[in-house]
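Coordinates from structure-v1.txt are shown below (compact mmCIF, C-alpha atoms).
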# COMPACT_ATOMS: atom_id res chain seq x y z
CA MET A 2 -25.59 -18.09 32.19
CA ASN A 3 -29.31 -17.91 31.54
CA LYS A 4 -30.83 -20.75 29.60
CA LYS A 5 -32.28 -19.82 26.24
CA GLN A 6 -35.95 -18.92 26.70
CA THR A 7 -38.37 -20.88 24.55
CA ILE A 8 -41.80 -19.82 23.37
CA ASP A 9 -44.51 -21.30 25.57
CA LEU A 10 -46.66 -23.03 22.95
CA ASP A 11 -48.90 -24.60 25.58
CA PHE A 12 -49.83 -21.16 26.95
CA ASP A 13 -50.33 -19.94 23.40
CA ARG A 14 -52.68 -22.81 22.64
CA GLN A 15 -54.67 -22.34 25.85
CA HIS A 16 -54.94 -18.55 25.97
CA ILE A 17 -54.07 -16.78 22.71
CA TRP A 18 -56.74 -16.50 20.03
CA HIS A 19 -55.11 -16.42 16.60
CA PRO A 20 -56.91 -15.06 13.51
CA TYR A 21 -59.56 -17.33 11.99
CA THR A 22 -58.64 -20.07 14.46
CA SER A 23 -60.72 -22.19 16.83
CA MET A 24 -59.89 -21.99 20.54
CA THR A 25 -61.10 -25.53 21.13
CA GLN A 26 -59.42 -27.13 18.11
CA PRO A 27 -56.61 -24.74 17.19
CA ILE A 28 -54.37 -25.57 14.28
CA PRO A 29 -50.66 -25.69 15.14
CA VAL A 30 -48.70 -22.45 15.26
CA TYR A 31 -44.99 -22.27 14.47
CA PRO A 32 -42.72 -20.39 16.91
CA VAL A 33 -40.78 -17.64 15.12
CA THR A 34 -37.68 -16.13 16.71
CA HIS A 35 -36.75 -13.63 14.01
CA ALA A 36 -37.12 -12.80 10.34
CA SER A 37 -34.60 -11.46 7.84
CA HIS A 38 -34.59 -10.73 4.11
CA ASN A 39 -37.31 -13.12 2.81
CA LEU A 40 -36.79 -15.76 5.51
CA ILE A 41 -38.81 -16.58 8.62
CA HIS A 42 -36.65 -18.30 11.25
CA LEU A 43 -38.31 -20.84 13.54
CA GLU A 44 -37.28 -21.64 17.08
CA THR A 45 -36.83 -25.24 15.98
CA GLY A 46 -34.12 -24.19 13.54
CA GLU A 47 -35.92 -24.19 10.19
CA GLN A 48 -35.66 -21.26 7.81
CA LEU A 49 -38.83 -20.74 5.79
CA ILE A 50 -38.94 -18.88 2.49
CA ASP A 51 -41.83 -16.45 2.86
CA GLY A 52 -44.45 -16.56 0.13
CA MET A 53 -46.99 -14.35 1.91
CA ALA A 54 -45.05 -11.13 2.66
CA SER A 55 -46.87 -11.22 6.00
CA TRP A 56 -50.32 -10.96 4.48
CA TRP A 57 -49.00 -8.92 1.54
CA SER A 58 -47.39 -6.12 3.55
CA ALA A 59 -43.65 -6.86 3.85
CA ILE A 60 -42.73 -5.89 0.30
CA HIS A 61 -39.08 -5.20 1.21
CA GLY A 62 -38.75 -8.36 3.28
CA TYR A 63 -37.80 -8.36 6.94
CA ASN A 64 -35.30 -6.50 9.09
CA HIS A 65 -34.46 -4.13 6.25
CA PRO A 66 -31.72 -1.73 7.38
CA VAL A 67 -33.36 1.31 5.78
CA LEU A 68 -36.66 0.73 7.55
CA ASN A 69 -34.93 -0.15 10.82
CA GLU A 70 -32.86 3.01 10.68
CA ALA A 71 -35.96 5.15 10.13
CA MET A 72 -37.65 3.63 13.19
CA HIS A 73 -34.54 3.88 15.36
CA ALA A 74 -34.11 7.55 14.47
CA GLN A 75 -37.76 8.36 15.18
CA ILE A 76 -38.16 6.46 18.45
CA ASP A 77 -35.52 8.60 20.14
CA LYS A 78 -37.65 11.67 19.35
CA MET A 79 -41.14 10.32 20.09
CA SER A 80 -42.89 7.07 19.36
CA HIS A 81 -46.34 8.63 19.64
CA VAL A 82 -48.20 11.85 20.29
CA MET A 83 -51.90 12.55 19.82
CA PHE A 84 -52.83 13.99 16.42
CA GLY A 85 -55.65 16.19 17.69
CA GLY A 86 -54.37 19.76 17.69
CA ILE A 87 -50.80 18.57 17.03
CA THR A 88 -48.80 17.77 13.92
CA HIS A 89 -45.27 16.52 13.30
CA GLN A 90 -42.72 16.14 10.54
CA PRO A 91 -43.18 12.40 9.81
CA ALA A 92 -46.91 12.89 9.18
CA VAL A 93 -46.38 16.00 7.03
CA GLU A 94 -43.64 14.29 5.02
CA LEU A 95 -45.70 11.14 4.52
CA CYS A 96 -48.79 13.02 3.37
CA LYS A 97 -46.69 15.04 0.92
CA LYS A 98 -45.45 11.77 -0.58
CA LEU A 99 -48.93 10.27 -0.76
CA VAL A 100 -50.42 13.31 -2.47
CA ALA A 101 -47.53 13.22 -4.95
CA ILE A 102 -47.80 9.53 -5.93
CA THR A 103 -51.57 8.92 -5.86
CA PRO A 104 -53.95 10.12 -8.62
CA GLU A 105 -53.82 13.87 -9.13
CA GLY A 106 -57.29 14.70 -7.83
CA LEU A 107 -56.63 13.09 -4.43
CA THR A 108 -55.33 15.90 -2.23
CA LYS A 109 -56.62 15.33 1.32
CA VAL A 110 -55.14 12.59 3.53
CA PHE A 111 -56.72 11.02 6.62
CA LEU A 112 -54.26 8.78 8.48
CA ALA A 113 -55.72 5.74 10.25
CA ASP A 114 -54.62 2.61 12.07
CA SER A 115 -55.33 -0.31 9.75
CA GLY A 116 -56.74 -1.16 6.36
CA SER A 117 -60.15 -2.05 7.74
CA VAL A 118 -60.31 1.27 9.57
CA SER A 119 -59.41 3.13 6.39
CA VAL A 120 -62.45 1.51 4.75
CA GLU A 121 -64.62 2.55 7.70
CA VAL A 122 -63.36 6.11 7.24
CA ALA A 123 -64.03 6.00 3.49
CA ILE A 124 -67.60 4.85 4.08
CA LYS A 125 -68.11 7.61 6.65
CA MET A 126 -66.68 10.16 4.21
CA ALA A 127 -69.14 9.10 1.51
CA LEU A 128 -72.19 9.08 3.78
CA GLN A 129 -71.27 12.32 5.52
CA TYR A 130 -70.53 14.06 2.23
CA TRP A 131 -74.08 13.52 0.98
CA LEU A 132 -75.60 14.47 4.32
CA SER A 133 -73.54 17.66 4.21
CA GLN A 134 -75.09 18.41 0.81
CA GLY A 135 -78.57 18.01 2.29
CA VAL A 136 -79.10 14.69 0.48
CA THR A 137 -80.66 12.25 2.95
CA THR A 138 -81.65 9.48 0.51
CA LYS A 139 -78.11 8.25 -0.27
CA GLN A 140 -77.55 5.85 2.62
CA LYS A 141 -76.56 2.68 0.74
CA LEU A 142 -73.37 1.39 -0.80
CA MET A 143 -73.04 -0.57 -4.02
CA THR A 144 -70.33 -3.19 -4.52
CA PRO A 145 -69.63 -6.39 -6.49
CA PHE A 146 -70.01 -9.87 -5.14
CA LYS A 147 -66.70 -11.62 -4.27
CA GLY A 148 -65.35 -8.45 -2.65
CA TYR A 149 -63.45 -8.24 0.62
CA HIS A 150 -62.81 -5.01 2.52
CA GLY A 151 -61.94 -5.94 6.10
CA ASP A 152 -63.19 -7.36 9.38
CA THR A 153 -64.79 -4.36 11.10
CA PHE A 154 -68.54 -3.92 10.84
CA ALA A 155 -69.01 -1.35 8.08
CA ALA A 156 -66.23 -3.04 6.10
CA MET A 157 -67.86 -6.45 6.62
CA SER A 158 -71.14 -5.10 5.26
CA VAL A 159 -69.57 -4.65 1.81
CA CYS A 160 -67.80 -8.03 1.76
CA ASP A 161 -69.45 -10.79 -0.25
CA PRO A 162 -72.68 -11.47 1.68
CA ILE A 163 -72.94 -15.16 0.79
CA ASN A 164 -69.55 -16.79 0.36
CA SER A 165 -67.39 -14.60 2.56
CA MET A 166 -66.08 -15.38 6.03
CA HIS A 167 -68.50 -12.76 7.38
CA SER A 168 -71.79 -14.17 6.11
CA LEU A 169 -72.83 -15.29 9.61
CA TYR A 170 -73.19 -11.62 10.63
CA ALA A 171 -75.79 -10.99 7.94
CA GLY A 172 -78.61 -10.19 10.35
CA PHE A 173 -76.56 -7.54 12.13
CA LEU A 174 -75.03 -5.76 9.15
CA PRO A 175 -76.58 -2.99 7.07
CA GLU A 176 -77.92 -4.35 3.79
CA HIS A 177 -76.26 -2.88 0.74
CA ILE A 178 -76.67 -3.37 -3.00
CA PHE A 179 -74.54 -6.09 -4.57
CA VAL A 180 -73.89 -6.32 -8.29
CA PRO A 181 -72.53 -9.33 -10.20
CA ALA A 182 -68.80 -9.88 -9.76
CA PRO A 183 -66.61 -8.94 -12.71
CA ILE A 184 -66.31 -11.84 -15.16
CA SER A 185 -64.10 -10.60 -18.00
CA GLN A 186 -60.57 -11.53 -17.07
CA PHE A 187 -57.55 -9.23 -17.07
CA ASN A 188 -55.88 -10.62 -20.20
CA SER A 189 -59.04 -11.42 -22.14
CA ALA A 190 -61.57 -9.35 -24.07
CA PHE A 191 -64.07 -7.26 -22.13
CA ASN A 192 -67.69 -8.34 -22.47
CA GLN A 193 -69.81 -5.25 -23.04
CA ALA A 194 -72.78 -7.05 -21.51
CA GLU A 195 -71.13 -6.49 -18.12
CA ALA A 196 -71.24 -2.74 -18.67
CA ASP A 197 -74.89 -2.91 -19.68
CA GLU A 198 -75.73 -4.97 -16.59
CA LEU A 199 -73.88 -2.54 -14.33
CA GLU A 200 -75.77 0.40 -15.79
CA HIS A 201 -79.03 -1.35 -15.00
CA TYR A 202 -78.07 -1.38 -11.30
CA PHE A 203 -77.02 2.28 -11.35
CA LEU A 204 -80.20 3.29 -13.14
CA ASN A 205 -82.40 1.55 -10.57
CA HIS A 206 -80.49 2.36 -7.37
CA HIS A 207 -78.36 5.50 -7.80
CA GLN A 208 -80.75 7.73 -5.87
CA HIS A 209 -80.11 5.61 -2.75
CA VAL A 210 -76.36 4.96 -3.28
CA ALA A 211 -73.73 7.12 -1.63
CA ALA A 212 -70.74 5.27 -3.09
CA PHE A 213 -69.60 2.29 -5.10
CA ILE A 214 -66.72 0.47 -3.35
CA ILE A 215 -64.42 -1.91 -5.20
CA GLU A 216 -60.97 -3.47 -5.09
CA PRO A 217 -59.38 -2.28 -8.34
CA ILE A 218 -58.35 -5.04 -10.79
CA VAL A 219 -57.90 -7.77 -8.14
CA GLN A 220 -60.65 -9.01 -5.85
CA ASN A 221 -58.32 -10.42 -3.23
CA ALA A 222 -59.58 -12.44 -0.25
CA GLY A 223 -62.94 -12.85 -1.97
CA GLY A 224 -61.46 -15.18 -4.58
CA MET A 225 -58.33 -13.69 -6.17
CA ASN A 226 -60.30 -12.59 -9.21
CA PHE A 227 -58.16 -10.68 -11.75
CA TYR A 228 -60.69 -8.72 -13.77
CA HIS A 229 -60.56 -6.54 -16.88
CA PRO A 230 -59.54 -2.87 -16.51
CA ASP A 231 -62.50 -1.87 -18.69
CA TYR A 232 -64.84 -3.04 -15.92
CA LEU A 233 -63.23 -0.56 -13.53
CA ALA A 234 -63.32 2.17 -16.17
CA CYS A 235 -67.00 1.44 -16.66
CA VAL A 236 -67.64 1.76 -12.91
CA ARG A 237 -65.90 5.15 -12.90
CA LYS A 238 -67.96 6.36 -15.87
CA LEU A 239 -71.24 5.23 -14.30
CA CYS A 240 -70.39 6.74 -10.91
CA THR A 241 -69.81 10.09 -12.61
CA GLN A 242 -72.92 9.79 -14.76
CA TYR A 243 -75.25 8.83 -11.89
CA ASP A 244 -73.73 11.03 -9.17
CA VAL A 245 -72.29 8.22 -7.05
CA LEU A 246 -68.91 8.45 -5.32
CA LEU A 247 -66.24 5.86 -6.16
CA ILE A 248 -64.19 4.29 -3.36
CA CYS A 249 -61.20 2.21 -4.49
CA ASP A 250 -59.77 -0.14 -1.88
CA GLU A 251 -56.06 -0.46 -2.72
CA ILE A 252 -55.06 -1.90 0.65
CA ALA A 253 -53.83 -5.13 -0.95
CA THR A 254 -53.04 -3.87 -4.47
CA GLY A 255 -51.19 -0.63 -3.74
CA PHE A 256 -47.44 -0.02 -3.94
CA GLY A 257 -46.66 -2.06 -7.02
CA ARG A 258 -48.23 -5.45 -6.33
CA THR A 259 -50.16 -5.61 -9.65
CA GLY A 260 -47.36 -4.12 -11.78
CA LYS A 261 -48.62 -0.53 -11.43
CA LEU A 262 -47.89 1.65 -8.41
CA PHE A 263 -51.65 1.67 -7.80
CA ALA A 264 -54.03 -0.71 -9.54
CA VAL A 265 -56.36 2.11 -10.66
CA GLU A 266 -53.63 3.03 -13.15
CA HIS A 267 -54.47 -0.08 -15.20
CA ALA A 268 -57.77 1.60 -16.07
CA ASN A 269 -56.39 5.16 -16.02
CA ILE A 270 -59.08 6.33 -13.61
CA GLU A 271 -59.26 8.39 -10.44
CA PRO A 272 -61.49 7.41 -7.53
CA ASP A 273 -63.15 9.94 -5.26
CA ILE A 274 -61.73 8.13 -2.23
CA LEU A 275 -58.70 5.82 -2.07
CA CYS A 276 -57.86 3.40 0.77
CA ILE A 277 -54.29 2.22 1.29
CA GLY A 278 -52.58 0.17 4.00
CA LYS A 279 -50.58 -3.08 4.30
CA ALA A 280 -47.44 -2.25 2.25
CA LEU A 281 -47.65 1.44 3.19
CA THR A 282 -45.02 0.88 5.91
CA GLY A 283 -43.32 -2.03 4.17
CA GLY A 284 -45.01 -4.27 6.71
CA ALA A 285 -43.02 -2.79 9.58
CA MET A 286 -45.94 -1.25 11.50
CA THR A 287 -49.69 -0.88 11.22
CA LEU A 288 -50.80 2.26 9.36
CA SER A 289 -53.33 3.17 6.70
CA ALA A 290 -54.63 6.21 4.90
CA THR A 291 -57.89 7.29 3.31
CA ILE A 292 -57.21 9.88 0.62
CA THR A 293 -59.89 12.00 -1.00
CA SER A 294 -60.51 15.03 -3.18
CA ASP A 295 -60.99 18.71 -2.44
CA LYS A 296 -64.66 18.27 -3.37
CA ILE A 297 -65.33 15.65 -0.71
CA ALA A 298 -63.25 17.33 2.00
CA THR A 299 -64.81 20.74 1.37
CA GLY A 300 -68.30 19.28 1.18
CA ILE A 301 -67.93 17.60 4.57
CA SER A 302 -66.22 20.58 6.17
CA GLU A 303 -68.92 22.99 5.09
CA GLY A 304 -71.74 20.71 6.23
CA GLU A 305 -73.67 20.79 9.49
CA ALA A 306 -71.06 18.86 11.51
CA GLY A 307 -68.18 20.82 10.02
CA VAL A 308 -65.75 17.97 10.65
CA LEU A 309 -65.29 14.33 9.66
CA MET A 310 -66.63 12.29 12.55
CA HIS A 311 -63.67 10.00 13.07
CA GLY A 312 -60.47 10.26 15.08
CA PRO A 313 -58.40 7.18 16.01
CA THR A 314 -56.23 7.45 19.13
CA PHE A 315 -53.13 6.39 17.23
CA MET A 316 -53.93 8.41 14.11
CA GLY A 317 -50.76 9.78 12.51
CA ASN A 318 -48.47 7.71 14.75
CA PRO A 319 -45.02 9.29 14.23
CA LEU A 320 -43.14 5.98 14.33
CA ALA A 321 -45.40 4.45 11.69
CA CYS A 322 -45.30 7.60 9.55
CA ALA A 323 -41.50 7.68 9.68
CA VAL A 324 -41.12 4.09 8.50
CA ALA A 325 -43.81 4.62 5.83
CA CYS A 326 -41.78 7.51 4.43
CA ALA A 327 -38.69 5.31 4.34
CA SER A 328 -40.60 2.44 2.69
CA ILE A 329 -42.02 4.66 -0.07
CA ASP A 330 -38.61 6.20 -0.75
CA LEU A 331 -37.01 2.75 -0.83
CA LEU A 332 -39.58 1.45 -3.31
CA LEU A 333 -39.38 4.46 -5.62
CA SER A 334 -35.57 4.54 -5.56
CA GLN A 335 -35.46 1.12 -7.20
CA ASN A 336 -36.52 -0.10 -10.62
CA TRP A 337 -39.52 -1.71 -8.96
CA GLN A 338 -41.43 -2.17 -12.21
CA HIS A 339 -38.64 -4.38 -13.54
CA ARG A 340 -38.53 -6.33 -10.29
CA ILE A 341 -42.29 -6.98 -10.40
CA SER A 342 -41.98 -8.05 -14.04
CA GLU A 343 -39.20 -10.48 -13.10
CA ILE A 344 -41.28 -11.96 -10.28
CA ASN A 345 -44.22 -12.34 -12.64
CA THR A 346 -42.03 -14.23 -15.12
CA GLN A 347 -40.82 -16.51 -12.33
CA LEU A 348 -44.36 -17.11 -11.09
CA GLN A 349 -45.21 -18.59 -14.50
CA GLN A 350 -43.73 -21.81 -13.08
CA LEU A 351 -47.07 -22.23 -11.30
CA HIS A 352 -48.69 -23.05 -14.65
CA LYS A 353 -47.26 -26.56 -14.45
CA CYS A 354 -49.92 -27.13 -11.77
CA GLN A 355 -52.57 -26.83 -14.49
CA ALA A 356 -51.74 -30.40 -15.56
CA LEU A 357 -52.91 -31.72 -12.17
CA SER A 358 -56.50 -33.00 -12.05
CA ALA A 359 -57.21 -31.18 -8.77
CA VAL A 360 -56.43 -27.77 -10.31
CA ALA A 361 -59.18 -25.67 -11.84
CA ASN A 362 -57.19 -22.59 -12.78
CA VAL A 363 -53.76 -20.97 -12.53
CA ARG A 364 -53.38 -17.21 -12.91
CA THR A 365 -50.76 -14.55 -12.31
CA LEU A 366 -50.71 -10.77 -12.29
CA GLY A 367 -47.76 -8.64 -11.24
CA ALA A 368 -46.26 -10.20 -8.13
CA ILE A 369 -49.32 -12.38 -7.45
CA GLY A 370 -49.66 -16.05 -8.33
CA VAL A 371 -52.78 -18.13 -7.70
CA VAL A 372 -53.59 -21.83 -8.01
CA GLU A 373 -57.30 -22.55 -7.63
CA LEU A 374 -58.43 -26.08 -6.86
CA THR A 375 -61.54 -27.73 -8.29
CA GLU A 376 -64.69 -28.26 -6.25
CA GLU A 377 -64.09 -31.99 -6.54
CA ALA A 378 -60.65 -31.67 -4.95
CA GLY A 379 -62.24 -31.20 -1.52
CA SER A 380 -61.55 -28.58 1.12
CA ILE A 381 -57.99 -27.64 1.95
CA ASP A 382 -56.88 -28.83 5.38
CA VAL A 383 -54.88 -25.74 6.39
CA ALA A 384 -53.06 -27.47 9.26
CA LYS A 385 -52.02 -30.39 7.07
CA ILE A 386 -50.83 -28.37 4.10
CA GLN A 387 -48.98 -25.85 6.29
CA ALA A 388 -47.15 -28.71 8.01
CA TYR A 389 -46.14 -29.97 4.57
CA PHE A 390 -45.01 -26.53 3.43
CA VAL A 391 -42.89 -26.11 6.58
CA SER A 392 -41.29 -29.48 5.91
CA GLN A 393 -40.37 -28.12 2.47
CA GLY A 394 -38.85 -24.95 3.92
CA VAL A 395 -41.53 -22.51 2.75
CA TRP A 396 -44.28 -20.44 4.38
CA ILE A 397 -47.55 -20.41 2.42
CA ARG A 398 -51.03 -20.03 3.94
CA PRO A 399 -53.92 -20.88 1.60
CA PHE A 400 -57.58 -20.04 2.05
CA GLY A 401 -60.72 -21.60 0.63
CA LYS A 402 -59.71 -23.44 -2.51
CA LEU A 403 -56.90 -21.03 -3.29
CA ILE A 404 -53.18 -21.57 -2.81
CA TYR A 405 -51.51 -18.29 -3.66
CA LEU A 406 -48.21 -16.44 -3.53
CA MET A 407 -47.57 -12.75 -2.83
CA PRO A 408 -43.84 -12.85 -2.06
CA PRO A 409 -41.69 -9.93 -0.91
CA TYR A 410 -40.28 -8.01 -3.86
CA ILE A 411 -36.73 -8.92 -2.79
CA SER A 412 -37.38 -12.64 -3.42
CA ASP A 413 -34.85 -14.15 -5.82
CA LYS A 414 -35.56 -16.69 -8.54
CA ASN A 415 -34.43 -19.64 -6.41
CA SER A 416 -36.83 -18.64 -3.64
CA ILE A 417 -39.75 -18.33 -6.03
CA ARG A 418 -38.88 -21.62 -7.67
CA ALA A 419 -38.92 -23.29 -4.25
CA LEU A 420 -42.32 -21.75 -3.48
CA CYS A 421 -43.80 -22.85 -6.83
CA ASP A 422 -42.34 -26.35 -6.51
CA ALA A 423 -43.77 -26.72 -3.01
CA ILE A 424 -47.26 -25.84 -4.25
CA TYR A 425 -47.00 -28.29 -7.15
CA ASP A 426 -45.74 -31.09 -4.92
CA ALA A 427 -48.39 -30.40 -2.25
CA ILE A 428 -51.20 -30.72 -4.78
CA LYS A 429 -49.69 -33.65 -6.64
CA GLY A 430 -49.11 -35.53 -3.40
CA LYS A 431 -52.53 -34.55 -1.99
CA HIS A 432 -50.94 -33.05 1.11
CA TYR A 433 -53.91 -30.69 1.42
CA VAL A 434 -56.64 -33.18 2.45
In structure tokens, what does this structure look like?
Amino acid sequence: MNKKQTIDLDFDRQHIWHPYTSMTQPIPVYPVTHASHNLIHLETGEQLIDGMASWWSAIHGYNHPVLNEAMHAQIDKMSHVMFGGITHQPAVELCKKLVAITPEGLTKVFLADSGSVSVEVAIKMALQYWLSQGVTTKQKLMTPFKGYHGDTFAAMSVCDPINSMHSLYAGFLPEHIFVPAPISQFNSAFNQAEADELEHYFLNHHQHVAAFIIEPIVQNAGGMNFYHPDYLACVRKLCTQYDVLLICDEIATGFGRTGKLFAVEHANIEPDILCIGKALTGGAMTLSATITSDKIATGISEGEAGVLMHGPTFMGNPLACAVACASIDLLLSQNWQHRISEINTQLQQLHKCQALSAVANVRTLGAIGVVELTEEAGSIDVAKIQAYFVSQGVWIRPFGKLIYLMPPYISDKNSIRALCDAIYDAIKGKHYV
């Protein structure tokens, strides 16, 4: 009988470069053998309650039979075929669903590989649209500080230029126009001065701006800022008034995470271009989409090039499209709004952290909970706090001064209580420094 094979952590440490990790001083990684429901199973025997939904994507949890069945059925037909000159049922079915559930004016779907690539495509769409109209002056983007849109180069150029993880590339990236980050919070009154300040930027820069790009309602990796819907509505109004396209990046917020199917619904607006990813496949495979209007698609198609200049090798991957269809159907077949509301109620337990001196702010929205530490609390030692969380049977990965939860929607109240308790205990016991 063969001995059980173990994961070679020494090889991993010496040769595998993990995200945002040093190769010379790597933080420990935890060997996972399998995942099921909302649990991550380690080779060492621990079962960890997942608070991250695998970077916000695994909304149905892991090893879901509906998603597995969709992939099994598709892989026997074809796992991949090029999308140039070819189409297939999973892609057609998925695009039908996306056109049906996204804002009414969004009718044209470009399937891509990842969220960052969908942002690249959106930026290309905006720039190429204006070039196709004979407008050569609109070569800039406008975006708020504290934004995050991905790790590829065009996406990095619209991330926060000062405090983001990508600031060291400043000399290589195109320089765009940054406006003040939204200040009025989601559940507070909207300060009209923000609208006036925004209009000042549009008035002075619109002739050079192809598009305004923003994460609707929640600025995610840039600081977990939950801002007022009226700010987003104001952006839409100004984009229309000053002839600037609006790109909404719903990669993290789409598919129910904020309590609406898409976060733009909080402000009752339609973007010109919408980016989605992450939860699109329920976290089962990588896939994204950039969805736009007839106006943009026609404008590009009737321009000099006649086509959108982008075409990923794995665009429209049938396996990914099939599981995305299953994930969307699974979400919509449930009373997901009630489930998100229940999770939000359970996440209120995080507010007990507000009594701790190291905590600056606690906030929740939909199925998102955030605890922000004070500047005086010091930097979070990710390796130390993750070791503590694992010892408590939970998986939580903070960044910056933020310890946050975006659990799978299937998480029960006991799981969320355990996640909230672990955060409280970690801060109270100073297990983060």
Just the residues within 7 Å of stretch 54-60 of chain A, please, counting all atoms listed in the file, with nothing from its chain fewer than 4 positions along; format it as a list in words.
Ala253, Lys279, Ala280, Gly283, Gly284, Met407, Pro408, Pro409 and Tyr410 of chain A
May I have the residues from that selection written out with C-alpha atoms, as a PDB file, in the frame of the given file?
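File produced: part_14.pdb:
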ATOM      1  CA  ALA A 253     -53.830  -5.130  -0.950  1.00  0.00           C
ATOM      2  CA  LYS A 279     -50.580  -3.080   4.300  1.00  0.00           C
ATOM      3  CA  ALA A 280     -47.440  -2.250   2.250  1.00  0.00           C
ATOM      4  CA  GLY A 283     -43.320  -2.030   4.170  1.00  0.00           C
ATOM      5  CA  GLY A 284     -45.010  -4.270   6.710  1.00  0.00           C
ATOM      6  CA  MET A 407     -47.570 -12.750  -2.830  1.00  0.00           C
ATOM      7  CA  PRO A 408     -43.840 -12.850  -2.060  1.00  0.00           C
ATOM      8  CA  PRO A 409     -41.690  -9.930  -0.910  1.00  0.00           C
ATOM      9  CA  TYR A 410     -40.280  -8.010  -3.860  1.00  0.00           C
TER      10      TYR A 410
END
12 Å contact set for A:Gln387, all atoms listed in the file, chain neighbours under 6 positions out, as an MDAnalysis selection string:
chainID A and resid 28:31 49 381 393:400 404 423:424 427 432:434
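Among the candidates A:Glu47, A:Asp231, A:Glu105, A:Glu305, the one nearest to A:Thr34 when counting all atoms listed in the file is A:Glu47.
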To test the calculation: enclose all listed atoms of stretch 22-38 of chain A in a box whose edges run along x, y and z, add 8 Å on each side, then state centre and edge lengths in Å to one decimal, as lines of an AutoDock Vina configuration file.
center_x = -47.8
center_y = -18.9
center_z = 12.6
size_x = 42.5
size_y = 32.4
size_z = 33.0
Straight-line distance linking atom CA of A:Leu95 with atom CA of A:Phe111, stated in Å to one decimal
11.2 Å
Between stretch 192-253 of chain A and stretch 150-171 of chain A, at 8 Å or less, what are the per-residue closest atom pairs and their distances in Å? Count all atoms listed in the file, order by chain and rising residue number, and return it as a Markdown table.
| residue | atom | partner | partner_atom | distance |
| --- | --- | --- | --- | --- |
| A:Ile214 | CA | A:Val159 | CA | 7.8 |
| A:Glu216 | CA | A:His150 | CA | 8.0 |
| A:Gly223 | CA | A:Ser165 | CA | 6.6 |
| A:Asp250 | CA | A:His150 | CA | 7.2 |
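You will find atom CA of A:Ala101 at 15.4 Å from atom CA of A:Gly257.
Closest approach to A:Met53 among A:Val245, A:Ala127, A:Cys240, A:Ile41 is made by A:Ile41 (distances from only C-alpha atoms).
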